[in-house]
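A.B. asks: Dropping in input-v1.txt, which is compact mmCIF, C-alpha atoms and all ligand atoms:
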# COMPACT_ATOMS: atom_id res chain seq x y z
CA MET A 1 -26.36 3.08 3.98
CA THR A 2 -22.85 2.89 5.42
CA THR A 3 -22.51 1.52 8.94
CA MET A 4 -19.46 2.33 11.04
CA VAL A 5 -18.44 -0.17 13.72
CA HIS A 6 -15.56 -0.08 16.16
CA THR A 7 -15.57 -3.48 17.83
CA ARG A 8 -15.18 -7.09 16.70
CA ALA A 9 -18.61 -7.90 18.17
CA ASP A 10 -20.32 -5.08 16.24
CA LEU A 11 -18.46 -6.04 13.07
CA ARG A 12 -19.66 -9.64 13.40
CA ALA A 13 -23.22 -8.48 14.04
CA ALA A 14 -23.14 -6.10 11.07
CA MET A 15 -21.68 -8.75 8.75
CA HIS A 16 -24.52 -11.15 9.58
CA THR A 17 -26.95 -8.75 7.90
CA TYR A 18 -25.19 -9.10 4.51
CA ALA A 19 -24.96 -11.89 1.97
CA GLY A 20 -22.94 -12.22 -1.23
CA GLU A 21 -19.34 -11.83 -2.30
CA LEU A 22 -17.43 -9.70 0.17
CA GLY A 23 -14.59 -7.36 -0.77
CA VAL A 24 -12.31 -5.64 1.73
CA VAL A 25 -10.20 -2.51 1.32
CA MET A 26 -7.74 -2.07 4.16
CA THR A 27 -6.55 1.44 4.96
CA MET A 28 -4.85 3.44 7.67
CA GLY A 29 -7.35 6.25 7.12
CA ALA A 30 -6.73 9.70 5.61
CA LEU A 31 -8.56 8.43 2.54
CA HIS A 32 -7.88 9.98 -0.86
CA ASP A 33 -8.75 9.27 -4.48
CA GLY A 34 -6.45 6.24 -4.49
CA HIS A 35 -8.63 4.67 -1.80
CA ARG A 36 -11.74 5.73 -3.68
CA GLU A 37 -10.44 3.78 -6.67
CA LEU A 38 -9.82 0.68 -4.52
CA ILE A 39 -13.39 0.92 -3.23
CA ARG A 40 -14.80 1.44 -6.72
CA VAL A 41 -12.96 -1.58 -8.07
CA ALA A 42 -14.20 -3.64 -5.12
CA ARG A 43 -17.79 -2.49 -5.59
CA ARG A 44 -17.76 -3.29 -9.30
CA ARG A 45 -17.37 -6.96 -8.43
CA CYS A 46 -18.50 -7.54 -4.86
CA GLU A 47 -22.01 -7.36 -3.44
CA VAL A 48 -20.68 -6.25 -0.05
CA THR A 49 -17.74 -3.91 0.61
CA VAL A 50 -15.96 -3.39 3.92
CA VAL A 51 -13.32 -0.71 4.46
CA THR A 52 -11.04 -1.01 7.47
CA VAL A 53 -9.58 2.16 8.95
CA PHE A 54 -6.81 1.33 11.39
CA LEU A 55 -3.55 3.16 12.02
CA ASN A 56 -1.42 0.16 12.85
CA PRO A 57 1.32 1.03 15.35
CA LEU A 58 3.05 -2.30 14.73
CA GLN A 59 4.26 -1.28 11.27
CA PHE A 60 5.92 1.97 12.42
CA ALA A 61 9.40 2.02 13.94
CA ALA A 62 10.38 4.48 16.66
CA GLY A 63 11.04 7.87 15.08
CA GLU A 64 8.74 7.29 12.10
CA ASP A 65 5.61 9.31 11.46
CA LEU A 66 3.05 7.39 13.57
CA SER A 67 2.37 10.34 15.87
CA ARG A 68 1.75 12.79 13.02
CA TYR A 69 -0.02 10.42 10.62
CA PRO A 70 -3.26 12.18 9.61
CA GLN A 71 -6.37 10.81 11.31
CA THR A 72 -9.51 11.99 9.55
CA LEU A 73 -12.20 9.46 10.44
CA GLU A 74 -15.07 11.87 9.88
CA SER A 75 -14.09 12.70 6.31
CA ASP A 76 -13.10 9.06 5.71
CA MET A 77 -16.68 8.14 6.60
CA VAL A 78 -18.01 10.77 4.17
CA ILE A 79 -15.91 9.24 1.37
CA CYS A 80 -17.03 5.72 2.26
CA THR A 81 -20.68 6.78 2.33
CA ASP A 82 -20.23 8.58 -0.97
CA GLU A 83 -18.72 5.47 -2.52
CA GLY A 84 -21.44 3.15 -1.24
CA VAL A 85 -19.31 1.16 1.20
CA ASP A 86 -21.46 -1.11 3.36
CA VAL A 87 -19.39 -1.31 6.53
CA VAL A 88 -16.48 0.76 7.87
CA PHE A 89 -14.54 -1.08 10.56
CA ALA A 90 -12.56 1.48 12.58
CA PRO A 91 -11.26 -0.33 15.65
CA SER A 92 -9.08 1.07 18.42
CA VAL A 93 -5.56 -0.22 19.02
CA ALA A 94 -6.83 -2.10 22.10
CA GLU A 95 -9.55 -3.74 20.01
CA VAL A 96 -7.05 -5.04 17.48
CA TYR A 97 -4.33 -5.90 20.02
CA PRO A 98 -6.28 -6.79 23.19
CA LEU A 99 -3.24 -8.40 24.81
CA GLY A 100 -1.06 -5.36 24.23
CA GLU A 101 0.42 -3.42 21.35
CA HIS A 102 3.36 -5.79 20.97
CA PRO A 103 1.85 -9.20 20.18
CA GLN A 104 4.13 -12.08 21.02
CA VAL A 105 3.15 -14.08 17.94
CA ARG A 106 3.52 -12.26 14.63
CA VAL A 107 3.70 -12.99 10.93
CA GLN A 108 7.30 -12.87 9.72
CA ALA A 109 7.75 -11.51 6.23
CA GLY A 110 10.99 -13.43 5.64
CA PRO A 111 13.75 -12.44 3.17
CA LEU A 112 11.41 -10.58 0.78
CA GLY A 113 10.63 -8.29 3.69
CA ASN A 114 14.25 -7.36 4.29
CA VAL A 115 15.02 -5.63 0.99
CA LEU A 116 13.98 -2.25 -0.46
CA GLU A 117 11.42 -0.82 2.00
CA GLY A 118 12.29 -3.52 4.51
CA ALA A 119 15.99 -2.60 4.46
CA SER A 120 15.12 1.00 5.32
CA ARG A 121 12.29 0.09 7.70
CA PRO A 122 13.30 -3.08 9.60
CA GLY A 123 10.29 -4.98 10.95
CA HIS A 124 7.86 -2.88 8.90
CA PHE A 125 6.49 -5.77 6.86
CA ASP A 126 6.15 -8.06 9.89
CA GLY A 127 3.86 -5.36 11.31
CA VAL A 128 1.96 -5.00 8.04
CA LEU A 129 1.45 -8.74 7.55
CA THR A 130 0.44 -9.28 11.17
CA VAL A 131 -2.32 -6.69 10.97
CA VAL A 132 -3.41 -7.75 7.49
CA ALA A 133 -3.69 -11.35 8.74
CA LYS A 134 -5.78 -10.19 11.71
CA LEU A 135 -8.03 -7.98 9.57
CA LEU A 136 -8.53 -10.82 7.07
CA HIS A 137 -9.64 -13.07 9.94
CA LEU A 138 -11.90 -10.40 11.40
CA THR A 139 -13.58 -9.35 8.16
CA GLY A 140 -13.55 -12.74 6.35
CA PRO A 141 -13.53 -11.37 2.77
CA ASP A 142 -13.63 -13.29 -0.51
CA VAL A 143 -11.46 -10.64 -2.18
CA ALA A 144 -8.96 -8.15 -0.72
CA TYR A 145 -7.87 -5.13 -2.76
CA PHE A 146 -4.46 -3.46 -2.40
CA GLY A 147 -2.77 -0.65 -4.33
CA GLN A 148 0.09 -1.31 -6.75
CA LYS A 149 1.81 1.78 -5.31
CA ASP A 150 2.92 -0.37 -2.36
CA ALA A 151 4.31 -3.03 -4.68
CA GLN A 152 6.44 -4.80 -2.07
CA GLN A 153 3.55 -4.84 0.41
CA LEU A 154 1.29 -6.31 -2.28
CA LEU A 155 3.85 -9.00 -3.13
CA LEU A 156 4.29 -9.93 0.53
CA ILE A 157 0.54 -10.08 1.18
CA ARG A 158 0.19 -12.37 -1.83
CA ARG A 159 3.00 -14.57 -0.48
CA MET A 160 1.44 -14.68 2.98
CA VAL A 161 -1.94 -15.64 1.53
CA GLN A 162 -0.30 -18.43 -0.50
CA ASP A 163 2.17 -19.62 2.12
CA LEU A 164 -0.38 -19.66 4.95
CA ASP A 165 -3.45 -20.70 2.90
CA PHE A 166 -5.68 -17.74 3.59
CA PRO A 167 -8.96 -18.34 1.70
CA VAL A 168 -8.97 -14.97 -0.05
CA GLU A 169 -8.18 -13.64 -3.50
CA VAL A 170 -5.77 -10.69 -3.50
CA LEU A 171 -6.26 -8.19 -6.31
CA ALA A 172 -4.02 -5.27 -7.26
CA VAL A 173 -5.36 -1.87 -8.23
CA PRO A 174 -3.17 0.46 -10.33
CA THR A 175 -1.63 3.53 -8.70
CA VAL A 176 -3.74 6.67 -8.89
CA ARG A 177 -1.80 9.83 -9.73
CA ASP A 178 -2.42 13.54 -9.70
CA SER A 179 -2.54 15.09 -13.18
CA ASP A 180 1.17 16.01 -12.86
CA GLY A 181 2.15 12.40 -12.11
CA LEU A 182 2.55 12.48 -8.32
CA ALA A 183 1.34 9.16 -6.88
CA LEU A 184 -1.46 9.74 -4.37
CA SER A 185 -0.53 8.99 -0.77
CA SER A 186 -1.91 9.96 2.61
CA ARG A 187 1.61 11.26 3.30
CA ASN A 188 1.38 13.85 0.48
CA GLY A 189 -0.45 16.01 3.01
CA TYR A 190 2.89 16.55 4.81
CA LEU A 191 4.44 18.18 1.73
CA THR A 192 4.96 21.93 1.57
CA GLU A 193 4.40 23.59 -1.80
CA GLY A 194 8.13 23.40 -2.50
CA ASP A 195 8.31 19.76 -1.40
CA ARG A 196 5.40 18.89 -3.63
CA SER A 197 7.09 20.17 -6.74
CA ALA A 198 10.39 18.46 -5.75
CA ALA A 199 8.44 15.22 -5.18
CA LEU A 200 7.59 15.10 -8.88
CA ALA A 201 11.16 13.92 -9.42
CA LEU A 202 10.04 10.44 -8.30
CA SER A 203 7.37 9.87 -10.95
CA ARG A 204 9.50 11.67 -13.55
CA SER A 205 12.45 9.39 -12.84
CA LEU A 206 10.16 6.36 -13.29
CA ALA A 207 8.82 7.78 -16.54
CA ALA A 208 12.40 8.32 -17.75
CA GLY A 209 13.24 4.72 -16.80
CA VAL A 210 10.17 3.40 -18.62
CA GLY A 211 11.14 5.47 -21.65
CA ALA A 212 14.57 3.78 -21.75
CA ALA A 213 13.23 0.23 -21.26
CA VAL A 214 13.86 -0.85 -24.84
CA GLU A 215 17.58 -0.17 -24.36
CA GLY A 216 17.99 -2.53 -21.41
CA PRO A 217 18.54 -2.40 -17.63
CA ALA A 218 21.61 -0.15 -17.58
CA ALA A 219 19.83 2.48 -19.67
CA VAL A 220 16.76 2.32 -17.42
CA ARG A 221 18.84 2.87 -14.28
CA ARG A 222 20.86 5.62 -15.96
CA ALA A 223 17.80 7.51 -17.22
CA ALA A 224 15.95 7.30 -13.91
CA LEU A 225 19.00 8.31 -11.86
CA ALA A 226 19.71 11.28 -14.14
CA VAL A 227 16.34 12.77 -13.17
CA LEU A 228 16.92 12.18 -9.45
CA ASP A 229 20.51 13.48 -9.61
CA ALA A 230 19.17 16.75 -11.01
CA HIS A 231 17.18 17.22 -7.77
CA PRO A 232 19.58 17.61 -4.85
CA ASP A 233 16.54 18.52 -2.70
CA VAL A 234 15.31 14.92 -3.08
CA GLY A 235 17.13 12.61 -0.67
CA LEU A 236 17.27 9.34 -2.57
CA ASP A 237 16.99 6.23 -0.42
CA TYR A 238 17.01 3.69 -3.25
CA LEU A 239 16.28 3.30 -6.91
CA ALA A 240 16.02 -0.38 -7.74
CA LEU A 241 15.30 -2.29 -10.93
CA VAL A 242 14.21 -5.71 -9.77
CA GLU A 243 12.50 -8.91 -10.82
CA PRO A 244 8.88 -8.47 -9.60
CA ALA A 245 8.50 -11.86 -7.87
CA THR A 246 11.90 -12.04 -6.15
CA LEU A 247 12.84 -8.36 -5.79
CA LEU A 248 16.36 -9.31 -6.90
CA ASP A 249 18.23 -6.82 -9.07
CA VAL A 250 17.76 -7.67 -12.73
CA PRO A 251 21.02 -8.66 -14.45
CA ALA A 252 22.56 -6.57 -17.24
CA ASP A 253 21.25 -8.90 -19.99
CA PHE A 254 17.69 -9.13 -18.57
CA PHE A 255 14.67 -9.21 -20.88
CA GLY A 256 11.08 -9.20 -19.63
CA THR A 257 8.92 -7.64 -16.94
CA ALA A 258 10.70 -5.71 -14.20
CA LEU A 259 9.78 -3.41 -11.35
CA LEU A 260 11.45 -0.03 -11.09
CA ALA A 261 11.03 1.15 -7.49
CA VAL A 262 12.09 4.40 -5.88
CA ALA A 263 12.07 5.74 -2.33
CA ALA A 264 13.20 9.20 -1.33
CA LYS A 265 12.87 11.78 1.37
CA VAL A 266 11.40 15.10 0.31
CA GLY A 267 11.56 17.64 3.12
CA THR A 268 10.52 15.58 6.14
CA THR A 269 8.43 13.16 4.12
CA ARG A 270 9.47 9.72 2.91
CA LEU A 271 7.78 8.84 -0.39
CA ILE A 272 7.74 5.70 -2.51
CA ASP A 273 6.64 5.01 -6.06
CA ASN A 274 7.16 2.35 -8.70
CA ALA A 275 6.49 1.36 -12.29
CA VAL A 276 6.24 -1.99 -14.00
CA LEU A 277 8.14 -2.06 -17.27
CA GLU A 278 8.97 -4.41 -20.10
CA ILE A 279 12.74 -4.45 -20.51
CA GLY A 280 13.87 -4.90 -24.08
CA GLY A 281 10.29 -4.65 -25.35
CA ALA A 282 7.70 -1.95 -25.91
CA PRO A 283 7.64 0.65 -23.10
CA VAL A 284 4.69 0.30 -20.68
CA PRO A 285 3.28 3.67 -19.53
CA VAL A 286 3.76 4.53 -15.83
CA SER A 287 0.62 3.18 -14.13
O1 LIG B 301 -1.24 0.12 2.93
C1 LIG B 301 -1.70 0.44 4.05
O2 LIG B 301 -2.44 1.41 4.19
C2 LIG B 301 -1.34 -0.41 5.25
O3 LIG B 301 -0.05 -0.88 5.18
C3 LIG B 301 -2.33 -1.57 5.50
C4 LIG B 301 -2.32 -2.57 4.37
C5 LIG B 301 -3.74 -1.00 5.66
C6 LIG B 301 -1.94 -2.31 6.78
O4 LIG B 301 -1.95 -1.46 7.89
Output the file's structure in the form of structure tokens.
Ligand code: PAF

C.D. replies:
Amino acid sequence: MTTMVHTRADLRAAMHTYAGELGVVMTMGALHDGHRELIRVARRRCEVTVVTVFLNPLQFAAGEDLSRYPQTLESDMVICTDEGVDVVFAPSVAEVYPLGEHPQVRVQAGPLGNVLEGASRPGHFDGVLTVVAKLLHLTGPDVAYFGQKDAQQLLLIRRMVQDLDFPVEVLAVPTVRDSDGLALSSRNGYLTEGDRSAALALSRSLAAGVGAAVEGPAAVRRAALAVLDAHPDVGLDYLALVEPATLLDVPADFFGTALLAVAAKVGTTRLIDNAVLEIGGAPVPVS
């Protein structure tokens, strides 16, 4: 049976009824098959699974899509029940930020939070890390599962957990894609039919980059950009080939594992995607 709770007190009471390894999957709701996969991976290992559903205002800047972000708690609950989740924690904003929506003390992401997504969305990762820290304290998991699609978020959560000694293991779950390659995202619901087909340029550019990995960084960038350049309806924000732990651009003579990350606006929707690739070695399929 899946129990839904909305307050810290009810969460604490519910958690007292469970024993065993606890896995948490944090979400902003509007659950899709990518979330299902996170839950399934968590359930394969953990005796108890908690899903948090909280649309965190702190990680949205003015003018971003907070007000139109899909909120579908009823169907989220159906998915969680279907997947055998034990507890769904769906708090209000006031429950998470009882002293006001703009907490004075926050987690600062630091330099890794100022590049790529952070350069386009200043303060975004401070908001993400602050709520993730709070939800880790509130749920007290042994393992927390995050999607590889948000590669920079995953890296920063790992850094926060290490730097601030959170007693939790952070595990990555590969990106789930539609059969045509589009990475699943709650924001895909904003896409018109035309947008959706234009949005395929992101995963196709990554696949082109992965295909050129044996030829080195310049070839990867060239191949990926060629796909994006052929789609003037896709407003490229960045295409970056970076070292996965530092997010610094890989040099021209780089060999080894790199992250190819892309962000673009399609219609009114900002989308991100990424692939991990082995530069100078055998191509790794887009995950
Ligand atoms: O990836 C998300 O859905 C959010 O950034 C997270 C981790 C749930 C924090 O609000």

A.B. asks: How many Å separate CA of Val128 in chain A from CA of Leu55 in chain A?

C.D. replies: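 Atom-to-atom, CA of Val128 in chain A and CA of Leu55 in chain A are spaced 10.6 Å apart.
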
A.B. asks: What's the separation between atom O4 of ligand LIG 301 (chain B) and CA of Ala258 in chain A, in Å to one decimal place?

C.D. replies: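 About the pair atom O4 of ligand LIG 301 (chain B) and CA of Ala258 in chain A: they are 25.8 Å apart.
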
A.B. asks: At what distance in Å, to one decimal, does CA of Asn274 in chain A lie from CA of Ala208 in chain A?

C.D. replies: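 Straight-line distance from CA of Ala208 in chain A to CA of Asn274 in chain A works out to 12.0 Å.
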
A.B. asks: At a cut-off of 8 Å around ligand LIG 301 (chain B), and using only C-alpha atoms and all ligand atoms, what residues come up? Please write them as a PyMOL selection string.

C.D. replies: chain A and resi 25-29+52-56+59+127-129+131-132+146-147+150+153

A.B. asks: Produce a file of the selected residues containing C-alpha atoms, as a PDB file, in the coordinates of the input.

C.D. replies:
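Produced file part.pdb, reproduced below:
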ATOM      1  CA  VAL A  25     -10.200  -2.510   1.320  1.00  0.00           C
ATOM      2  CA  MET A  26      -7.740  -2.070   4.160  1.00  0.00           C
ATOM      3  CA  THR A  27      -6.550   1.440   4.960  1.00  0.00           C
ATOM      4  CA  MET A  28      -4.850   3.440   7.670  1.00  0.00           C
ATOM      5  CA  GLY A  29      -7.350   6.250   7.120  1.00  0.00           C
ATOM      6  CA  THR A  52     -11.040  -1.010   7.470  1.00  0.00           C
ATOM      7  CA  VAL A  53      -9.580   2.160   8.950  1.00  0.00           C
ATOM      8  CA  PHE A  54      -6.810   1.330  11.390  1.00  0.00           C
ATOM      9  CA  LEU A  55      -3.550   3.160  12.020  1.00  0.00           C
ATOM     10  CA  ASN A  56      -1.420   0.160  12.850  1.00  0.00           C
ATOM     11  CA  GLN A  59       4.260  -1.280  11.270  1.00  0.00           C
ATOM     12  CA  GLY A 127       3.860  -5.360  11.310  1.00  0.00           C
ATOM     13  CA  VAL A 128       1.960  -5.000   8.040  1.00  0.00           C
ATOM     14  CA  LEU A 129       1.450  -8.740   7.550  1.00  0.00           C
ATOM     15  CA  VAL A 131      -2.320  -6.690  10.970  1.00  0.00           C
ATOM     16  CA  VAL A 132      -3.410  -7.750   7.490  1.00  0.00           C
ATOM     17  CA  PHE A 146      -4.460  -3.460  -2.400  1.00  0.00           C
ATOM     18  CA  GLY A 147      -2.770  -0.650  -4.330  1.00  0.00           C
ATOM     19  CA  ASP A 150       2.920  -0.370  -2.360  1.00  0.00           C
ATOM     20  CA  GLN A 153       3.550  -4.840   0.410  1.00  0.00           C
TER      21      GLN A 153
END

A.B. asks: Name all residues at most 9 Å from Gly123 in chain A (count only C-alpha atoms; drop same-chain ones fewer than 3 positions away) and give them as an MDAnalysis selection string.

C.D. replies: chainID A and resid 58:61 108:109 113:114 118:119 126:128

A.B. asks: Which is closest to Ala240 in chain A among A:Leu171, A:Gly23, A:Ala263, A:Asp253, if we use all atoms listed in the file?

C.D. replies: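 Ranking A:Leu171, A:Gly23, A:Ala263, A:Asp253 by distance to Ala240 in chain A, first place goes to A:Ala263.
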
A.B. asks: Build an axis-aligned box that encloses every atom of range 233-236 of chain A listed in the file, pad it by 6 Å on each side, and report its centre and edge lengths in Å to one decimal, as lines of an AutoDock Vina configuration file.

C.D. replies:
center_x = 16.3
center_y = 13.9
center_z = -1.9
size_x = 14.0
size_y = 21.2
size_z = 14.4

A.B. asks: Between A:Pro122, A:Gly20, A:Gly194, A:Pro111, which residue has the minimum interatomic distance to Leu247 in chain A, considering only C-alpha atoms?

C.D. replies: A:Pro111

A.B. asks: Find, counting all atoms listed in the file, the residue in A:Pro244, A:Pro141, A:Gly110, A:Gly235 that gets nearest to Gly256 in chain A.

C.D. replies: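 Closest to Gly256 in chain A of all the choices is A:Pro244.
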
A.B. asks: Which of these residues is nearest to Val170 in chain A, using only C-alpha atoms: A:Thr246, A:Ser186, A:Gln148, A:Ser75?

C.D. replies: A:Gln148

A.B. asks: So that I can check the surroundings of Leu236 in chain A, please list as number ranges by chain every protein, DNA and RNA residue that reaches within 8 Å of it, counting all atoms listed in the file and ignoring chain neighbours fewer than 6 positions away.

C.D. replies: A: 228, 262-265

A.B. asks: Mind writing the picked residues with C-alpha atoms as a PDB file, in the coordinates of the input?

C.D. replies:
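Ended up saving to part-v4.pdb:
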ATOM      1  CA  LEU A 228      16.920  12.180  -9.450  1.00  0.00           C
ATOM      2  CA  VAL A 262      12.090   4.400  -5.880  1.00  0.00           C
ATOM      3  CA  ALA A 263      12.070   5.740  -2.330  1.00  0.00           C
ATOM      4  CA  ALA A 264      13.200   9.200  -1.330  1.00  0.00           C
ATOM      5  CA  LYS A 265      12.870  11.780   1.370  1.00  0.00           C
TER       6      LYS A 265
END

A.B. asks: Contacts of Val227 in chain A at 9 Å or less, counting all atoms listed in the file, minus same-chain residues fewer than 2 places along, as a short mmCIF file (atom, residue, chain, number, x, y, z; two decimals) with C-alpha atoms, in the coordinates of the input?

C.D. replies:
data_model
loop_
_atom_site.label_atom_id
_atom_site.label_comp_id
_atom_site.auth_asym_id
_atom_site.auth_seq_id
_atom_site.Cartn_x
_atom_site.Cartn_y
_atom_site.Cartn_z
CA ALA A 201 11.16 13.92 -9.42
CA LEU A 202 10.04 10.44 -8.30
CA ARG A 204 9.50 11.67 -13.55
CA SER A 205 12.45 9.39 -12.84
CA LEU A 206 10.16 6.36 -13.29
CA ALA A 208 12.40 8.32 -17.75
CA ARG A 222 20.86 5.62 -15.96
CA ALA A 223 17.80 7.51 -17.22
CA ALA A 224 15.95 7.30 -13.91
CA LEU A 225 19.00 8.31 -11.86
CA ASP A 229 20.51 13.48 -9.61
CA ALA A 230 19.17 16.75 -11.01
CA HIS A 231 17.18 17.22 -7.77
#

A.B. asks: Go ahead and find all residues with at least one atom no further than 8 Å from (-11.8, -4.4, -1.2) in the file's coordinates, using all atoms listed in the file; report them as a compact mmCIF listing (two decimals) with C-alpha atoms, in the coordinates of the input.

C.D. replies:
# COMPACT_ATOMS: atom_id res chain seq x y z
CA LEU A 22 -17.43 -9.70 0.17
CA GLY A 23 -14.59 -7.36 -0.77
CA VAL A 24 -12.31 -5.64 1.73
CA VAL A 25 -10.20 -2.51 1.32
CA MET A 26 -7.74 -2.07 4.16
CA LEU A 38 -9.82 0.68 -4.52
CA ILE A 39 -13.39 0.92 -3.23
CA VAL A 41 -12.96 -1.58 -8.07
CA ALA A 42 -14.20 -3.64 -5.12
CA ARG A 43 -17.79 -2.49 -5.59
CA THR A 49 -17.74 -3.91 0.61
CA VAL A 50 -15.96 -3.39 3.92
CA VAL A 51 -13.32 -0.71 4.46
CA VAL A 143 -11.46 -10.64 -2.18
CA ALA A 144 -8.96 -8.15 -0.72
CA TYR A 145 -7.87 -5.13 -2.76
CA PHE A 146 -4.46 -3.46 -2.40
